[in-house]
Amino acid sequence: MLDFREILVSQAPPDFLDQATDVINRANAARVRIFSGLRLEENMLALEYPNSLLVIGSEAGVAIATMACETSGVALKVELVAVVPEAKGRLIAAKILERADQIAAQRELTSLLIEVVDIGGLIAYYEKLGFVEDSRVTKPQGYWDSSMPFDLVTMSRPM
């Protein structure tokens, strides 16, 4: 069973931030590499996402998934959705996005919004979860320290 723990990034203790950073970096390392080195450096969550609610999904006390979310207009913007490689294929990302739906409903928001890097079938995966592509922009090599250009796709799903 997936248990959720959540806290505002600005209020999170260092070990909580470290667990989330580890999940994100492990998930990124298992994908097609367009980002050099670690996806997130130490303290990057605190610096870049201080107002986000950070959610960690754990099984048997071990962090296996994460996401950050923040209200953006009438939508809940979801970022940094990540699942450790050994948990792939178990619909963990879908379960953590169900938690995003609950958070959005509690805040009386009307949709989820997510930005997805178009690699490794991610767009098709999110489409299966009910998201539709709203826009797409090609980012140049070097954006987010990328080793090549990539498409960043904005997707949404109504509540």
# chains A, B, ... in the order shown; residues from 1 in each chain; ligands from 1
call {"tool": "closest_atom_pairs", "arguments": {"of": "region 56-122 of chain A", "to": "region 47-52 of chain A", "cutoff": "12 Å", "atoms": "only C-alpha atoms", "output": "Markdown table"}}
result
| residue | atom | partner | partner_atom | distance |
| --- | --- | --- | --- | --- |
| A:Met67 | CA | A:Ser52 | CA | 9.4 |
| A:Ala68 | CA | A:Ser52 | CA | 5.8 |
| A:Cys69 | CA | A:Ser52 | CA | 5.3 |
| A:Glu70 | CA | A:Ser52 | CA | 4.9 |
| A:Thr71 | CA | A:Ser52 | CA | 8.4 |
| A:Ser72 | CA | A:Ser52 | CA | 10.7 |
| A:Leu76 | CA | A:Ser52 | CA | 10.4 |
| A:Lys77 | CA | A:Ser52 | CA | 9.3 |
| A:Val78 | CA | A:Ser52 | CA | 9.2 |
| A:Glu79 | CA | A:Ser52 | CA | 9.1 |
| A:Leu80 | CA | A:Tyr49 | CA | 10.1 |
call {"tool": "residues_around", "arguments": {"residues": "Gly89 (chain A)", "least_positions_apart": "6", "cutoff": "12 Å", "atoms": "only C-alpha atoms", "output": "mmCIF file with C-alpha atoms, in the first residue's frame"}}
result
data_model
loop_
_atom_site.group_PDB
_atom_site.id
_atom_site.type_symbol
_atom_site.label_atom_id
_atom_site.label_comp_id
_atom_site.auth_asym_id
_atom_site.auth_seq_id
_atom_site.Cartn_x
_atom_site.Cartn_y
_atom_site.Cartn_z
ATOM 1 C CA VAL A 83 8.935 6.991 -9.404
ATOM 2 C CA LYS A 95 -1.653 6.658 -7.664
ATOM 3 C CA TYR A 125 1.360 7.616 -20.489
#
call {"tool": "atom_distance", "arguments": {"atom1": "CA of Ser135 (chain A)", "atom2": "CA of Ala94 (chain A)"}}
result
21.8 Å
call {"tool": "select_by_dssp", "arguments": {"residues": "region 99-139 of chain A", "states": "strand (DSSP E or B)", "output": "PyMOL selection string"}}
result
chain A and resi 111-117+132-139
call {"tool": "closest_residue", "arguments": {"among": "A:Asp15, A:Glu98, A:Glu59, A:Glu127", "to": "Val84 (chain A)", "atoms": "only C-alpha atoms"}}
result
A:Glu59
call {"tool": "select_by_dssp", "arguments": {"residues": "region 36-142 of chain A", "states": "helix (DSSP H, G or I)", "output": "ChimeraX atom specification"}}
result
/A:44-48,85-87,92-106,122-128
call {"tool": "write_last_selection", "arguments": {"atoms": "N, CA and C atoms", "output": "compact mmCIF listing (two decimals), in the first residue's frame"}}
result
# COMPACT_ATOMS: atom_id res chain seq x y z
N MET A 44 18.10 22.14 -3.96
CA MET A 44 17.40 22.73 -5.09
C MET A 44 15.89 22.83 -4.86
N LEU A 45 15.30 21.83 -4.19
CA LEU A 45 13.87 21.90 -3.89
C LEU A 45 13.55 23.13 -3.06
N ALA A 46 14.35 23.37 -2.02
CA ALA A 46 14.11 24.52 -1.14
C ALA A 46 14.28 25.83 -1.89
N LEU A 47 15.20 25.88 -2.83
CA LEU A 47 15.46 27.11 -3.56
C LEU A 47 14.45 27.36 -4.68
N GLU A 48 14.05 26.31 -5.38
CA GLU A 48 13.23 26.47 -6.59
C GLU A 48 11.73 26.27 -6.35
N PRO A 85 13.00 3.45 -10.23
CA PRO A 85 12.95 2.42 -11.29
C PRO A 85 12.37 1.08 -10.85
N GLU A 86 12.68 0.63 -9.64
CA GLU A 86 12.21 -0.68 -9.21
C GLU A 86 10.70 -0.73 -8.96
N ALA A 87 10.03 0.41 -8.94
CA ALA A 87 8.58 0.46 -8.76
C ALA A 87 7.84 0.70 -10.06
N ILE A 92 2.27 3.41 -9.97
CA ILE A 92 2.57 4.29 -8.84
C ILE A 92 2.35 5.75 -9.22
N ALA A 93 2.77 6.13 -10.44
CA ALA A 93 2.56 7.53 -10.87
C ALA A 93 1.06 7.84 -10.92
N ALA A 94 0.26 6.89 -11.38
CA ALA A 94 -1.19 7.11 -11.41
C ALA A 94 -1.74 7.29 -10.00
N LYS A 95 -1.19 6.54 -9.05
CA LYS A 95 -1.65 6.66 -7.66
C LYS A 95 -1.26 8.00 -7.05
N ILE A 96 -0.07 8.47 -7.36
CA ILE A 96 0.33 9.77 -6.80
C ILE A 96 -0.47 10.90 -7.46
N LEU A 97 -0.84 10.72 -8.73
CA LEU A 97 -1.69 11.72 -9.38
C LEU A 97 -3.13 11.67 -8.85
N GLU A 98 -3.57 10.53 -8.36
CA GLU A 98 -4.86 10.47 -7.67
C GLU A 98 -4.81 11.35 -6.41
N ARG A 99 -3.67 11.34 -5.74
CA ARG A 99 -3.50 12.21 -4.57
C ARG A 99 -3.56 13.67 -5.02
N ALA A 100 -2.99 13.98 -6.18
CA ALA A 100 -3.08 15.35 -6.72
C ALA A 100 -4.53 15.73 -6.96
N ASP A 101 -5.33 14.79 -7.48
CA ASP A 101 -6.76 15.05 -7.67
C ASP A 101 -7.43 15.41 -6.35
N GLN A 102 -7.09 14.68 -5.30
CA GLN A 102 -7.68 14.94 -3.98
C GLN A 102 -7.29 16.33 -3.46
N ILE A 103 -6.02 16.68 -3.65
CA ILE A 103 -5.54 18.00 -3.21
C ILE A 103 -6.27 19.09 -3.98
N ALA A 104 -6.39 18.91 -5.30
CA ALA A 104 -7.09 19.89 -6.13
C ALA A 104 -8.55 20.03 -5.70
N ALA A 105 -9.21 18.92 -5.41
CA ALA A 105 -10.60 18.97 -4.97
C ALA A 105 -10.73 19.70 -3.63
N GLN A 106 -9.80 19.44 -2.71
CA GLN A 106 -9.82 20.13 -1.42
C GLN A 106 -9.67 21.64 -1.60
N LEU A 122 6.41 9.27 -22.19
CA LEU A 122 5.71 9.98 -21.12
C LEU A 122 4.41 10.63 -21.59
N ILE A 123 4.41 11.19 -22.80
CA ILE A 123 3.20 11.86 -23.30
C ILE A 123 2.06 10.84 -23.41
N ALA A 124 2.34 9.69 -24.01
CA ALA A 124 1.32 8.65 -24.16
C ALA A 124 0.84 8.16 -22.80
N TYR A 125 1.75 8.05 -21.83
CA TYR A 125 1.36 7.62 -20.49
C TYR A 125 0.38 8.61 -19.86
N TYR A 126 0.69 9.89 -19.94
CA TYR A 126 -0.20 10.88 -19.35
C TYR A 126 -1.52 10.98 -20.11
N GLU A 127 -1.49 10.75 -21.42
CA GLU A 127 -2.75 10.72 -22.18
C GLU A 127 -3.65 9.58 -21.69
N LYS A 128 -3.05 8.43 -21.37
CA LYS A 128 -3.83 7.30 -20.83
C LYS A 128 -4.47 7.66 -19.50
call {"tool": "atom_distance", "arguments": {"atom1": "CA of Met148 (chain A)", "atom2": "CA of Gly120 (chain A)"}}
result
14.7 Å
call {"tool": "atom_distance", "arguments": {"atom1": "CA of Arg107 (chain A)", "atom2": "CA of Ile7 (chain A)"}}
result
15.4 Å
call {"tool": "closest_residue", "arguments": {"among": "A:Met1, A:Leu17, A:Ala63, A:Leu109", "to": "Ala75 (chain A)", "atoms": "only C-alpha atoms"}}
result
A:Leu109
call {"tool": "residues_around", "arguments": {"residues": "Val137 (chain A)", "least_positions_apart": "6", "cutoff": "9 Å", "atoms": "only C-alpha atoms", "output": "list in words"}}
result
Phe150, Asp151, Leu152, Val153 and Thr154 of chain A
call {"tool": "closest_residue", "arguments": {"among": "A:Ala12, A:Val23, A:Leu2, A:Lys88", "to": "Ala60 (chain A)", "atoms": "only C-alpha atoms"}}
result
A:Leu2
call {"tool": "closest_residue", "arguments": {"among": "A:Arg136, A:Gly121, A:Ile64, A:Leu113", "to": "Arg157 (chain A)", "atoms": "only C-alpha atoms"}}
result
A:Leu113
